[in-house]
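> Sharing start_28.cif here; it has mmCIF, C-alpha atoms.
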data_start
loop_
_atom_site.label_atom_id
_atom_site.label_comp_id
_atom_site.auth_asym_id
_atom_site.auth_seq_id
_atom_site.Cartn_x
_atom_site.Cartn_y
_atom_site.Cartn_z
CA MET A 363 -15.66 10.06 24.68
CA GLU A 364 -12.31 9.37 23.00
CA ASN A 365 -9.54 9.03 25.56
CA PHE A 366 -6.71 10.36 23.42
CA LYS A 367 -5.44 13.46 21.64
CA ARG A 368 -4.43 13.84 18.04
CA ALA A 369 -0.70 13.72 17.47
CA SER A 370 -0.46 17.35 16.39
CA GLY A 371 -1.89 18.45 19.72
CA TYR A 372 1.18 17.72 21.80
CA ALA A 373 4.05 16.28 19.83
CA ASN A 374 6.40 17.28 17.05
CA VAL A 375 6.39 14.22 14.80
CA LEU A 376 8.24 13.70 11.54
CA ALA A 377 6.85 10.95 9.32
CA MET A 378 9.25 9.17 6.95
CA ILE A 379 7.55 6.86 4.45
CA MET A 380 9.63 4.13 2.82
CA ALA A 381 8.60 4.16 -0.85
CA GLY A 382 11.79 3.04 -2.57
CA GLY A 383 11.43 -0.72 -2.97
CA GLU A 384 11.50 -2.42 -6.37
CA GLY A 385 8.26 -4.37 -5.82
CA SER A 386 9.55 -7.34 -7.81
CA ARG A 387 6.83 -9.68 -6.50
CA LEU A 388 4.20 -7.42 -8.09
CA TYR A 389 5.78 -7.65 -11.53
CA PRO A 390 4.76 -6.88 -14.27
CA LEU A 391 2.69 -4.08 -12.71
CA THR A 392 5.97 -2.66 -11.35
CA ARG A 393 7.84 -2.93 -14.65
CA ASP A 394 7.38 0.77 -15.37
CA ARG A 395 6.36 2.25 -12.01
CA ALA A 396 7.22 2.11 -8.31
CA LYS A 397 5.08 -0.27 -6.26
CA PRO A 398 3.52 2.54 -4.13
CA ALA A 399 2.38 4.18 -7.39
CA VAL A 400 0.39 1.13 -8.56
CA ILE A 401 -3.30 1.96 -8.96
CA PHE A 402 -5.68 0.56 -6.36
CA GLY A 403 -9.47 0.63 -6.25
CA GLY A 404 -9.76 2.34 -9.61
CA LYS A 405 -8.74 5.87 -8.61
CA TYR A 406 -6.19 5.58 -5.80
CA ARG A 407 -2.50 4.71 -5.59
CA ILE A 408 -1.26 2.27 -2.96
CA ILE A 409 0.68 5.05 -1.19
CA ASP A 410 -2.53 7.07 -0.67
CA PHE A 411 -3.53 4.84 2.25
CA VAL A 412 -0.51 5.52 4.46
CA LEU A 413 -0.63 9.22 3.53
CA ASN A 414 -4.27 9.41 4.60
CA ASN A 415 -3.43 7.58 7.82
CA PHE A 416 -0.93 10.26 8.76
CA VAL A 417 -3.05 13.23 7.69
CA ASN A 418 -6.20 11.89 9.35
CA SER A 419 -4.16 11.26 12.52
CA GLY A 420 -3.04 14.89 12.66
CA ILE A 421 0.55 14.35 11.45
CA PHE A 422 1.38 16.79 8.67
CA LYS A 423 5.17 16.71 8.28
CA ILE A 424 5.80 13.86 5.89
CA LYS A 425 8.87 12.85 3.87
CA VAL A 426 8.46 10.18 1.19
CA LEU A 427 11.73 8.40 0.42
CA THR A 428 11.74 7.23 -3.19
CA GLN A 429 14.27 5.28 -5.25
CA PHE A 430 13.33 2.95 -8.13
CA LYS A 431 11.15 4.11 -11.07
CA ALA A 432 9.82 6.99 -9.01
CA ASP A 433 8.68 9.38 -11.78
CA SER A 434 4.95 8.59 -11.68
CA LEU A 435 5.00 8.42 -7.87
CA ILE A 436 6.60 11.87 -7.61
CA LYS A 437 4.12 13.29 -10.12
CA HIS A 438 1.25 11.86 -8.08
CA LEU A 439 2.53 13.42 -4.86
CA SER A 440 3.27 16.77 -6.48
CA SER A 441 -0.08 17.09 -8.23
CA GLY A 442 -2.40 15.69 -5.59
CA TRP A 443 -0.86 16.06 -2.15
CA GLN A 444 -0.39 19.72 -1.31
CA LEU A 445 -0.64 20.69 2.37
CA SER A 446 -0.41 24.15 3.96
CA SER A 447 3.17 25.45 3.92
CA MET A 448 1.99 28.44 5.92
CA LEU A 449 1.23 26.06 8.81
CA GLY A 450 4.48 24.13 8.39
CA GLN A 451 2.73 21.20 6.71
CA TYR A 452 4.21 19.28 3.80
CA ILE A 453 4.42 16.00 1.93
CA ASP A 454 7.85 16.04 0.30
CA PRO A 455 9.11 13.38 -2.11
CA VAL A 456 12.80 12.75 -1.43
CA PRO A 457 14.75 11.02 -4.24
CA ALA A 458 17.77 8.94 -3.24
CA GLN A 459 20.55 11.53 -2.85
CA MET A 460 23.56 9.32 -2.01
CA ARG A 461 24.63 11.82 0.63
CA THR A 462 26.81 9.26 2.46
CA GLY A 463 28.46 7.60 -0.55
CA LYS A 464 27.86 6.32 -4.06
CA ASN A 465 25.36 3.65 -3.06
CA TRP A 466 21.63 3.17 -3.35
CA TYR A 467 19.84 2.39 -0.12
CA GLN A 468 21.35 -0.79 1.33
CA GLY A 469 18.35 -1.47 3.59
CA THR A 470 15.53 0.29 5.39
CA ALA A 471 17.79 1.57 8.17
CA ASP A 472 20.34 2.81 5.64
CA ALA A 473 17.59 4.71 3.83
CA ILE A 474 16.89 6.71 6.99
CA TYR A 475 20.61 7.03 7.76
CA GLN A 476 21.29 8.50 4.32
CA ASN A 477 18.60 11.11 5.05
CA LEU A 478 19.52 12.04 8.62
CA ASN A 479 19.88 15.63 7.41
CA LEU A 480 16.08 15.75 7.10
CA ILE A 481 15.71 14.77 10.74
CA TYR A 482 18.34 17.28 11.86
CA ASP A 483 16.61 20.04 9.88
CA GLU A 484 13.18 19.31 11.34
CA ASN A 485 14.37 18.45 14.89
CA PRO A 486 11.27 16.40 15.81
CA ASP A 487 10.55 14.76 19.16
CA PHE A 488 9.58 11.52 17.42
CA VAL A 489 10.17 9.91 14.05
CA ALA A 490 7.46 7.64 12.60
CA ILE A 491 8.87 5.29 9.96
CA PHE A 492 6.17 3.56 7.93
CA GLY A 493 6.03 1.54 4.74
CA ALA A 494 4.16 2.68 1.63
CA ASP A 495 3.04 -0.71 0.36
CA HIS A 496 0.03 -1.73 2.46
CA ILE A 497 -3.72 -1.21 2.31
CA TYR A 498 -5.22 -0.35 5.71
CA LYS A 499 -6.55 2.43 7.92
CA MET A 500 -4.76 3.29 11.14
CA ASP A 501 -5.08 6.06 13.71
CA ILE A 502 -1.37 6.63 14.26
CA SER A 503 -2.02 9.05 17.12
CA ARG A 504 -3.11 6.05 19.21
CA MET A 505 0.19 4.30 18.55
CA LEU A 506 2.04 7.49 19.45
CA ASN A 507 0.11 7.78 22.73
CA TYR A 508 0.96 4.16 23.50
CA HIS A 509 4.63 4.84 22.78
CA ARG A 510 4.73 7.87 25.08
CA ASN A 511 2.72 6.33 27.89
CA ASN A 512 5.03 3.31 28.09
CA GLY A 513 8.22 5.35 28.08
CA ALA A 514 9.43 3.41 25.03
CA VAL A 515 12.48 4.25 22.95
CA ALA A 516 10.86 2.42 20.02
CA THR A 517 7.43 0.99 19.31
CA VAL A 518 6.63 -1.56 16.62
CA ALA A 519 3.13 -2.02 15.20
CA ALA A 520 2.11 -5.69 15.02
CA ILE A 521 -0.75 -7.83 13.79
CA PRO A 522 -1.61 -11.53 14.27
CA LYS A 523 -1.13 -13.58 11.10
CA PRO A 524 -1.69 -17.29 10.37
CA ILE A 525 1.37 -19.31 11.34
CA GLU A 526 1.81 -20.58 7.77
CA GLU A 527 2.17 -16.98 6.53
CA ALA A 528 4.36 -15.69 9.36
CA SER A 529 7.68 -16.59 7.71
CA GLN A 530 7.16 -13.57 5.44
CA PHE A 531 7.34 -11.18 8.42
CA GLY A 532 9.28 -10.35 11.53
CA VAL A 533 7.81 -12.50 14.32
CA ILE A 534 7.49 -10.95 17.78
CA GLN A 535 7.08 -12.17 21.34
CA VAL A 536 5.78 -9.84 24.06
CA ASP A 537 5.31 -9.97 27.82
CA GLN A 538 2.03 -9.28 29.61
CA HIS A 539 2.72 -5.52 29.51
CA GLY A 540 3.31 -5.37 25.75
CA GLN A 541 7.10 -5.06 25.92
CA MET A 542 9.06 -6.96 23.29
CA ILE A 543 10.93 -9.98 24.65
CA GLY A 544 11.68 -11.77 21.38
CA PHE A 545 12.07 -10.99 17.69
CA GLU A 546 13.03 -13.04 14.63
CA GLU A 547 13.07 -11.66 11.10
CA LYS A 548 11.34 -14.03 8.66
CA PRO A 549 12.04 -17.24 10.62
CA GLU A 550 11.65 -20.66 8.98
CA LYS A 551 9.71 -21.88 12.02
CA PRO A 552 7.74 -18.95 13.45
CA LYS A 553 6.90 -19.03 17.13
CA PRO A 554 3.14 -19.00 17.75
CA MET A 555 1.31 -16.58 20.00
CA PRO A 556 0.74 -17.79 23.59
CA GLY A 557 -2.45 -19.80 23.73
CA ASN A 558 -2.93 -19.84 19.96
CA SER A 559 -0.73 -22.25 18.04
CA LYS A 560 -2.30 -21.25 14.71
CA MET A 561 -1.29 -17.57 14.84
CA ALA A 562 1.94 -15.59 15.17
CA LEU A 563 2.38 -11.93 16.11
CA CYS A 564 3.99 -10.23 13.10
CA SER A 565 5.63 -6.86 12.57
CA MET A 566 3.83 -4.54 10.16
CA GLY A 567 7.09 -2.72 9.39
CA ASN A 568 5.78 0.46 11.05
CA TYR A 569 7.90 2.06 13.79
CA ILE A 570 7.93 5.06 16.10
CA PHE A 571 11.30 6.09 17.59
CA ASN A 572 12.49 8.73 20.00
CA THR A 573 14.60 10.93 17.77
CA GLY A 574 17.86 11.01 19.74
CA PHE A 575 17.80 7.25 20.26
CA LEU A 576 17.14 6.62 16.57
CA ILE A 577 20.01 8.85 15.43
CA ARG A 578 22.44 7.17 17.82
CA LYS A 579 21.49 3.66 16.72
CA LEU A 580 21.59 4.51 13.02
CA ASN A 581 25.10 5.89 13.39
CA GLU A 582 26.20 2.75 15.24
CA ASP A 583 24.63 0.53 12.61
CA ALA A 584 26.30 2.45 9.77
CA GLU A 585 29.71 1.65 11.27
CA ASP A 586 28.95 -2.07 11.54
CA THR A 587 30.39 -3.71 8.42
CA ASN A 588 28.54 -6.97 9.20
CA SER A 589 25.12 -5.31 9.25
CA SER A 590 22.51 -5.46 6.46
CA HIS A 591 21.45 -1.99 7.64
CA ASP A 592 17.83 -3.02 7.97
CA PHE A 593 15.35 -2.32 10.79
CA GLY A 594 13.93 -5.84 10.87
CA LYS A 595 17.21 -7.70 10.45
CA ASN A 596 19.48 -5.48 12.54
CA ILE A 597 18.10 -2.49 14.45
CA ILE A 598 15.15 -4.09 16.24
CA PRO A 599 16.98 -7.34 17.20
CA SER A 600 19.89 -5.29 18.56
CA ILE A 601 17.86 -3.07 20.90
CA TYR A 602 14.93 -4.93 22.45
CA LYS A 603 16.99 -6.81 25.06
CA GLU A 604 18.59 -3.64 26.45
CA TYR A 605 15.99 -0.94 25.93
CA PRO A 606 12.20 -0.58 26.38
CA VAL A 607 10.83 -1.56 22.97
CA TYR A 608 7.05 -1.90 22.99
CA VAL A 609 4.62 -3.55 20.59
CA TYR A 610 1.44 -1.79 19.52
CA ASP A 611 -1.42 -4.20 18.86
CA PHE A 612 -3.04 -3.14 15.60
CA TYR A 613 -6.20 -4.97 16.64
CA THR A 614 -6.81 -2.18 19.17
CA ASN A 615 -7.03 0.24 16.23
CA VAL A 616 -10.22 2.35 16.18
CA ILE A 617 -11.43 4.25 13.14
CA PRO A 618 -14.61 6.36 13.52
CA GLY A 619 -17.40 5.10 11.31
CA GLU A 620 -15.84 1.65 10.76
CA SER A 621 -16.85 -1.80 11.98
CA PRO A 622 -14.38 -3.68 14.25
CA GLN A 623 -13.54 -5.99 11.34
CA GLN A 624 -12.79 -3.07 9.03
CA CYS A 625 -10.63 -1.42 11.71
CA GLN A 626 -8.48 -4.57 11.78
CA TYR A 627 -8.05 -4.87 8.02
CA TRP A 628 -4.43 -4.80 6.83
CA GLU A 629 -3.23 -6.25 3.55
CA ASP A 630 0.31 -6.49 2.27
CA VAL A 631 -0.37 -6.22 -1.47
CA GLY A 632 3.14 -7.34 -2.33
CA THR A 633 2.07 -10.16 -4.65
CA LEU A 634 -0.31 -10.24 -7.59
CA GLU A 635 -2.62 -12.60 -5.70
CA ALA A 636 -2.80 -10.35 -2.62
CA TYR A 637 -3.23 -7.26 -4.79
CA TYR A 638 -6.03 -8.92 -6.75
CA ARG A 639 -7.84 -10.08 -3.59
CA ALA A 640 -7.64 -6.65 -1.99
CA ASN A 641 -9.18 -5.01 -5.06
CA MET A 642 -11.88 -7.63 -5.39
CA THR A 643 -13.22 -7.04 -1.88
CA LEU A 644 -14.02 -3.43 -2.77
CA HIS A 645 -17.16 -4.25 -4.75
CA ASP A 646 -18.65 -6.37 -1.95
CA VAL A 647 -21.82 -5.10 -0.26
CA VAL A 648 -19.77 -4.75 2.96
CA PRO A 649 -16.14 -4.48 1.81
CA ASP A 650 -13.17 -5.35 4.02
CA ILE A 651 -11.96 -1.76 3.66
CA ASN A 652 -14.44 1.10 3.41
CA LEU A 653 -13.72 3.81 0.82
CA TYR A 654 -16.98 5.66 1.58
CA ASN A 655 -16.48 6.61 5.24
CA GLU A 656 -16.84 10.38 5.53
CA HIS A 657 -15.34 10.29 9.04
CA TRP A 658 -12.00 8.98 7.69
CA LEU A 659 -11.58 10.27 4.16
CA VAL A 660 -9.40 8.49 1.63
CA ARG A 661 -7.98 11.32 -0.46
CA THR A 662 -6.04 11.12 -3.70
CA SER A 663 -4.96 13.19 -6.66
CA SER A 664 -8.05 14.40 -8.52
CA GLU A 665 -7.84 13.38 -12.17
CA GLN A 666 -10.12 15.48 -14.35
CA SER A 667 -12.51 13.24 -16.23
CA ALA A 668 -16.09 13.22 -17.47
CA PRO A 669 -18.81 11.27 -15.64
CA ALA A 670 -19.10 7.55 -16.26
CA LYS A 671 -21.68 6.66 -18.90
CA PHE A 672 -23.70 3.55 -19.76
CA VAL A 673 -25.27 3.45 -23.21
CA PHE A 674 -27.48 1.17 -25.32
CA GLY A 675 -29.63 0.32 -22.29
CA SER A 676 -32.71 -0.81 -24.17
CA GLY A 677 -33.54 -3.42 -21.52
CA ASP A 678 -33.76 -6.14 -24.19
CA THR A 679 -30.95 -8.64 -23.54
CA THR A 680 -31.53 -10.81 -26.62
CA LYS A 681 -28.56 -11.45 -28.89
CA ASP A 682 -29.24 -8.62 -31.29
CA LYS A 683 -29.57 -5.93 -28.62
CA ARG A 684 -26.75 -4.13 -26.85
CA VAL A 685 -27.08 -3.24 -23.16
CA GLY A 686 -24.38 -1.28 -21.34
CA SER A 687 -24.38 -2.51 -17.74
CA ALA A 688 -22.23 -2.98 -14.64
CA ILE A 689 -23.08 -5.30 -11.74
CA ASP A 690 -21.28 -5.44 -8.37
CA SER A 691 -18.51 -3.26 -9.78
CA ILE A 692 -16.61 -0.02 -9.26
CA ILE A 693 -16.67 2.28 -12.29
CA CYS A 694 -14.57 5.46 -12.26
CA GLY A 695 -15.07 8.73 -14.09
CA GLY A 696 -14.70 8.92 -17.84
CA CYS A 697 -15.68 5.29 -18.43
CA ILE A 698 -18.10 4.49 -21.22
CA ILE A 699 -19.79 1.11 -21.04
CA SER A 700 -21.01 1.13 -24.63
CA GLY A 701 -23.25 -1.88 -24.94
CA GLY A 702 -20.85 -4.12 -23.00
CA GLU A 703 -21.16 -5.90 -19.65
CA VAL A 704 -19.03 -5.48 -16.50
CA ILE A 705 -19.40 -7.93 -13.61
CA ARG A 706 -17.57 -7.92 -10.24
CA SER A 707 -14.78 -5.73 -11.59
CA VAL A 708 -12.91 -2.49 -10.88
CA LEU A 709 -12.53 -0.04 -13.77
CA SER A 710 -10.23 2.97 -13.54
CA ARG A 711 -10.92 6.22 -15.38
CA ASN A 712 -11.46 6.49 -19.13
CA VAL A 713 -12.06 2.81 -19.86
CA ARG A 714 -14.14 2.00 -22.93
CA VAL A 715 -16.07 -1.28 -23.08
CA HIS A 716 -17.51 -1.78 -26.57
CA SER A 717 -20.61 -3.63 -27.74
CA PHE A 718 -21.16 -7.18 -26.53
CA ALA A 719 -17.79 -7.22 -24.69
CA LYS A 720 -17.74 -8.79 -21.23
CA VAL A 721 -15.39 -7.98 -18.34
CA GLU A 722 -15.69 -10.29 -15.35
CA ASP A 723 -13.75 -10.51 -12.04
CA SER A 724 -11.08 -8.19 -13.40
CA ILE A 725 -9.11 -5.01 -12.65
CA VAL A 726 -8.75 -2.51 -15.49
CA PHE A 727 -6.28 0.39 -15.32
CA PRO A 728 -6.85 3.82 -16.95
CA ASP A 729 -7.27 4.50 -20.67
CA VAL A 730 -7.95 0.90 -21.70
CA ASP A 731 -10.02 0.13 -24.79
CA ILE A 732 -11.87 -3.22 -24.80
CA GLY A 733 -13.00 -4.14 -28.29
CA GLU A 734 -16.34 -5.42 -29.48
CA LYS A 735 -17.21 -8.97 -28.33
CA ALA A 736 -13.97 -9.31 -26.33
CA GLN A 737 -14.22 -11.57 -23.27
CA ILE A 738 -12.05 -10.94 -20.19
CA ARG A 739 -12.11 -13.01 -17.02
CA LYS A 740 -9.90 -12.86 -13.87
CA ALA A 741 -7.39 -10.49 -15.39
CA ILE A 742 -5.49 -7.28 -14.66
CA ILE A 743 -5.31 -4.99 -17.70
CA ASP A 744 -2.56 -2.36 -17.46
CA LYS A 745 -2.78 1.25 -18.59
CA ASP A 746 -3.28 2.14 -22.26
CA VAL A 747 -3.83 -1.44 -23.43
CA HIS A 748 -6.08 -2.07 -26.43
CA ILE A 749 -7.95 -5.39 -26.35
CA ALA A 750 -8.74 -6.46 -29.89
CA PRO A 751 -12.33 -7.22 -30.89
CA GLY A 752 -13.29 -10.81 -30.17
CA GLU A 753 -10.20 -11.54 -28.07
CA LYS A 754 -10.57 -13.96 -25.13
CA ILE A 755 -8.44 -13.59 -22.00
CA GLY A 756 -8.63 -15.80 -18.91
CA PHE A 757 -10.38 -18.77 -20.51
CA ASN A 758 -7.36 -20.79 -21.72
CA LEU A 759 -4.39 -20.13 -19.46
CA GLU A 760 -1.98 -22.17 -21.56
CA GLU A 761 -2.73 -19.98 -24.54
CA ASP A 762 -2.62 -16.85 -22.37
CA LYS A 763 0.89 -17.76 -21.18
CA LYS A 764 2.14 -17.50 -24.76
CA LYS A 765 1.21 -13.81 -24.88
CA TYR A 766 0.77 -12.55 -21.31
CA PHE A 767 2.01 -12.96 -17.76
CA VAL A 768 -0.03 -15.52 -15.79
CA SER A 769 0.38 -15.82 -12.01
CA ASP A 770 0.49 -19.09 -10.07
CA GLU A 771 -3.20 -18.68 -9.21
CA GLY A 772 -4.24 -18.02 -12.79
CA ILE A 773 -4.47 -14.23 -12.82
CA VAL A 774 -3.67 -12.98 -16.32
CA VAL A 775 -1.79 -9.66 -16.48
CA VAL A 776 -1.91 -7.82 -19.80
CA THR A 777 0.60 -5.03 -20.37
CA ASN A 778 1.81 -3.09 -23.39
CA PRO A 779 5.17 -4.17 -24.81
CA SER A 780 7.85 -1.90 -23.33
CA ASN A 781 8.63 -0.41 -26.73
CA GLN A 782 4.99 0.50 -27.29
CA ARG A 783 4.26 2.28 -24.03
CA SER A 784 2.13 5.38 -24.30
CA LEU A 785 3.90 8.68 -23.81
CA ARG A 786 1.21 9.71 -21.34
CA SER A 787 2.05 9.81 -17.65
CA GLU A 788 1.60 6.66 -15.60
#
For this file, write the structure as structure tokens.

Amino acid sequence: MENFKRASGYANVLAMIMAGGEGSRLYPLTRDRAKPAVIFGGKYRIIDFVLNNFVNSGIFKIKVLTQFKADSLIKHLSSGWQLSSMLGQYIDPVPAQMRTGKNWYQGTADAIYQNLNLIYDENPDFVAIFGADHIYKMDISRMLNYHRNNGAVATVAAIPKPIEEASQFGVIQVDQHGQMIGFEEKPEKPKPMPGNSKMALCSMGNYIFNTGFLIRKLNEDAEDTNSSHDFGKNIIPSIYKEYPVYVYDFYTNVIPGESPQQCQYWEDVGTLEAYYRANMTLHDVVPDINLYNEHWLVRTSSEQSAPAKFVFGSGDTTKDKRVGSAIDSIICGGCIISGGEVIRSVLSRNVRVHSFAKVEDSIVFPDVDIGEKAQIRKAIIDKDVHIAPGEKIGFNLEEDKKKYFVSDEGIVVVTNPSNQRSLRSE
């Protein structure tokens, strides 16, 4: 029997999702779209995962703070994420309004400060501030229970990470009761966890605050001319020594219908390599994150498309016969595998793979046309790209670098030239 209640059962919670970052490390996928709007798993957007975490946890008042290149993100939210206004439920995109001056958001804390009017209007008991850039499942009601039961003014979600990766995060120390006793934002020499020199306890960038306390600290921070106006750099380090700030262990996360390993999955897809790895696990027999769990649905905007189709399946694989096939792959609606071959790949909607073409270990965005006898390996193909017949991508990286973006680990990213972008929505 579950020993907790859903958040909506006893608390007035306002969720504020930070979706305004540039996502420069994910370039060129973020050249024309916000990072949270980047396609994941064929049919989803990255932001869908945090939205589902809130909705599945019983939290239905959600503000999404946008900023850079937000058009496709706002369209996605408006077309696919409609809750019941009659019940006071909403997912509202909030463009940067510059209500406190003629500046874009100066940091994560400043983003909330510039939108304090939203908190005043809603008058919640708690404010949950989460990022929009990560792939994971989390029952946020458990974190809220933990926050309330400990009498915390703020609670930070944390996850153990390898010590060599910890410099990318805020590194936390806790006492035996889970209260924060140390915090360093992106330290050069991260402090390891007690008893495990190979791991450090890292902030996930997800916070729950008591509303009055949050408003007071944001106002104080706004008046500090030496502040970067950031939660990790300024707010959290300034409060944990004087106030009860607790740390929620993400490894205690429980999702119905998931294995313990899947419950603990969290991926910051902030780089091309991390984004590629996270997509590639989806076609495994037992993936790191489960998209098929009916007990914890992963919802998204429903694009209207025809069923996927595989043609020229004669069963004869000799040179002169075409066989449309896909092995260990995810194929979305509207795709036509027309005598081509797809292996260990993720294809978004309306992709056409022509005769004798081969797509291997790759991610293909919507409305891509892959010409006859083209060969693609370890690549990300952006929306609306046409791959010419016979073209080879991913086989000679030095040649690929002359035409495409190639990451440090050899992932080839193919995009349309900016002056040739399709007029269709991202």
> Taking only residues of range 527-570 of chain A that have an atom at most 10 Å from an atom of range 593-606 of chain A, what is each one's shortest atom pair and its distance in Å to one decimal, using all atoms listed in the file, in chain and number order, as a tab-separated table?

residue	atom	partner	partner_atom	distance
A:Phe531	CA	A:Gly594	CA	8.8
A:Gly532	CA	A:Gly594	CA	6.5
A:Val533	CA	A:Gly594	CA	9.7
A:Gln541	CA	A:Pro606	CA	6.8
A:Met542	CA	A:Tyr602	CA	6.3
A:Ile543	CA	A:Tyr602	CA	6.8
A:Gly544	CA	A:Tyr602	CA	7.6
A:Phe545	CA	A:Pro599	CA	6.1
A:Glu546	CA	A:Pro599	CA	7.4
A:Glu547	CA	A:Lys595	CA	5.8
A:Lys548	CA	A:Lys595	CA	8.8
A:Ser565	CA	A:Gly594	CA	8.5
A:Gly567	CA	A:Gly594	CA	7.7
A:Asn568	CA	A:Phe593	CA	10.0
A:Tyr569	CA	A:Phe593	CA	9.1
> With all atoms listed in the file as the basis for distance, which of A:Arg504, A:His748, A:Arg407, A:Lys523 is at the shortest distance from Gly420 in chain A?
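Counting all atoms listed in the file, the residue closest to Gly420 in chain A is A:Arg504.
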> Could you tell me how far CA of Tyr654 in chain A lies from CA of Gly675 in chain A, in Å and to one decimal?
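Taking CA of Tyr654 in chain A as the start and CA of Gly675 in chain A as the end point, the length is 27.5 Å.
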> Using all atoms listed in the file, can you tell me which of A:Phe430, A:Trp658, A:Phe492, A:Phe411 comes closest to Met380 in chain A?
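Ranking A:Phe430, A:Trp658, A:Phe492, A:Phe411 by distance to Met380 in chain A, first place goes to A:Phe492.
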> Do you have the CA of Ser441 in chain A-CA of Gln666 in chain A distance handy?
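These two atoms are separated by 11.9 Å.
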> Between CA of Ser590 in chain A and CA of Asp472 in chain A, measure the distance and give it in Å to one decimal.
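Spanning CA of Ser590 in chain A to CA of Asp472 in chain A is a straight-line distance of 8.6 Å.
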> Tell me which residues the PyMOL selection byres ((chain A and resi 667) around 10) grabs here, as a PyMOL selection string.
chain A and resi 664-666+668-670+694-697+711-712
> So which one's closest to Lys765 in chain A, A:Tyr627, A:Thr633, A:Thr777, A:Gln535? Using only C-alpha atoms, please.
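Distance minimum relative to Lys765 in chain A lands on A:Thr777.
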> Can you tell me which residues surround Phe422 in chain A at a distance of at most 7 Å, considering all atoms listed in the file, apart from same-chain residues fewer than 6 positions away, and format the answer as a PyMOL selection string?
chain A and resi 416+451-452
> For Phe767 in chain A, list every protein, DNA or RNA residue within 8 Å, evaluated using only C-alpha atoms, and leave out those in the same chain fewer than 3 positions away; present the list as a list of chain:residue names.
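Those residues are A:Pro390, A:Asp762, A:Lys763, A:Val774, A:Val775, A:Val776.
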> Applying the PyMOL selection byres ((chain A and resi 455) around 9) to the file I just gave you, which residues come out? Please list them as a list of chain:residue names.
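Selected by the PyMOL selection byres ((chain A and resi 455) around 9) here: A:Ile424, A:Lys425, A:Val426, A:Leu427, A:Thr428, A:Leu435, A:Ile436, A:Leu439, A:Ser440, A:Ile453, A:Asp454, A:Val456, A:Pro457.
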> Write to file, as a CSV table (one decimal), in the frame of the given file, the residues of the selection just made, with C-alpha atoms.

chain,number,residue,atom,x,y,z
A,424,ILE,CA,5.8,13.9,5.9
A,425,LYS,CA,8.9,12.8,3.9
A,426,VAL,CA,8.5,10.2,1.2
A,427,LEU,CA,11.7,8.4,0.4
A,428,THR,CA,11.7,7.2,-3.2
A,435,LEU,CA,5.0,8.4,-7.9
A,436,ILE,CA,6.6,11.9,-7.6
A,439,LEU,CA,2.5,13.4,-4.9
A,440,SER,CA,3.3,16.8,-6.5
A,453,ILE,CA,4.4,16.0,1.9
A,454,ASP,CA,7.8,16.0,0.3
A,456,VAL,CA,12.8,12.8,-1.4
A,457,PRO,CA,14.8,11.0,-4.2
> Of the candidates A:Val631, A:Ile689, A:Ala741, A:Val768, which shows the shortest atom-to-atom distance to Ile401 in chain A, using only C-alpha atoms?
A:Val631
> Using only C-alpha atoms, which of A:His509, A:Val609, A:Ala516, A:Ile521 sits nearest Asp537 in chain A?
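Nearest to Asp537 in chain A: A:Val609.
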> Could you list, as a ChimeraX atom specification, every residue matched by the PyMOL selection byres ((chain A and resi 691) around 12) in this structure?
/A:403-404,641-647,649,687-690,692-694,703-710,721-726
> Taking (-16.1, -4.8, -30.4) in the file's coordinates as the center, which residues reach within 6 Å of it, counting all atoms listed in the file, put as a JSON list (two decimals) with C-alpha atoms, in the frame of the given file?

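Output saved as part-v5.json:
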[["chain", "number", "residue", "atom", "x", "y", "z"],
["A", 716, "HIS", "CA", -17.51, -1.78, -26.57],
["A", 717, "SER", "CA", -20.61, -3.63, -27.74],
["A", 733, "GLY", "CA", -13.00, -4.14, -28.29],
["A", 734, "GLU", "CA", -16.34, -5.42, -29.48],
["A", 735, "LYS", "CA", -17.21, -8.97, -28.33],
["A", 751, "PRO", "CA", -12.33, -7.22, -30.89]]
> Just checking: using all atoms listed in the file, which residue out of A:Leu580, A:Leu634, A:Ile732, A:Ala514 ends up closest to Val400 in chain A?
A:Leu634
> Compile the contact shell of Ser434 in chain A as a PDB file with C-alpha atoms, keeping the file's coordinate frame: residues with an atom at most 10 Å away, counting all atoms listed in the file, same-chain residues fewer than 3 positions apart removed.

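This is the output file part-v6.pdb:
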ATOM      1  CA  ASP A 394       7.380   0.770 -15.370  1.00  0.00           C
ATOM      2  CA  ARG A 395       6.360   2.250 -12.010  1.00  0.00           C
ATOM      3  CA  ALA A 396       7.220   2.110  -8.310  1.00  0.00           C
ATOM      4  CA  PRO A 398       3.520   2.540  -4.130  1.00  0.00           C
ATOM      5  CA  ALA A 399       2.380   4.180  -7.390  1.00  0.00           C
ATOM      6  CA  VAL A 400       0.390   1.130  -8.560  1.00  0.00           C
ATOM      7  CA  LYS A 431      11.150   4.110 -11.070  1.00  0.00           C
ATOM      8  CA  LYS A 437       4.120  13.290 -10.120  1.00  0.00           C
ATOM      9  CA  HIS A 438       1.250  11.860  -8.080  1.00  0.00           C
ATOM     10  CA  LEU A 439       2.530  13.420  -4.860  1.00  0.00           C
ATOM     11  CA  SER A 440       3.270  16.770  -6.480  1.00  0.00           C
ATOM     12  CA  SER A 787       2.050   9.810 -17.650  1.00  0.00           C
ATOM     13  CA  GLU A 788       1.600   6.660 -15.600  1.00  0.00           C
TER      14      GLU A 788
END
> Hey, what's within 7 Å of range 551-560 of chain A if we count all atoms listed in the file and toss same-chain stuff fewer than 6 positions away? As a list in words, please?
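After dropping sequence-adjacent residues, the list is Pro524, Ile525, Ala528, Ser529 and Val533 of chain A.
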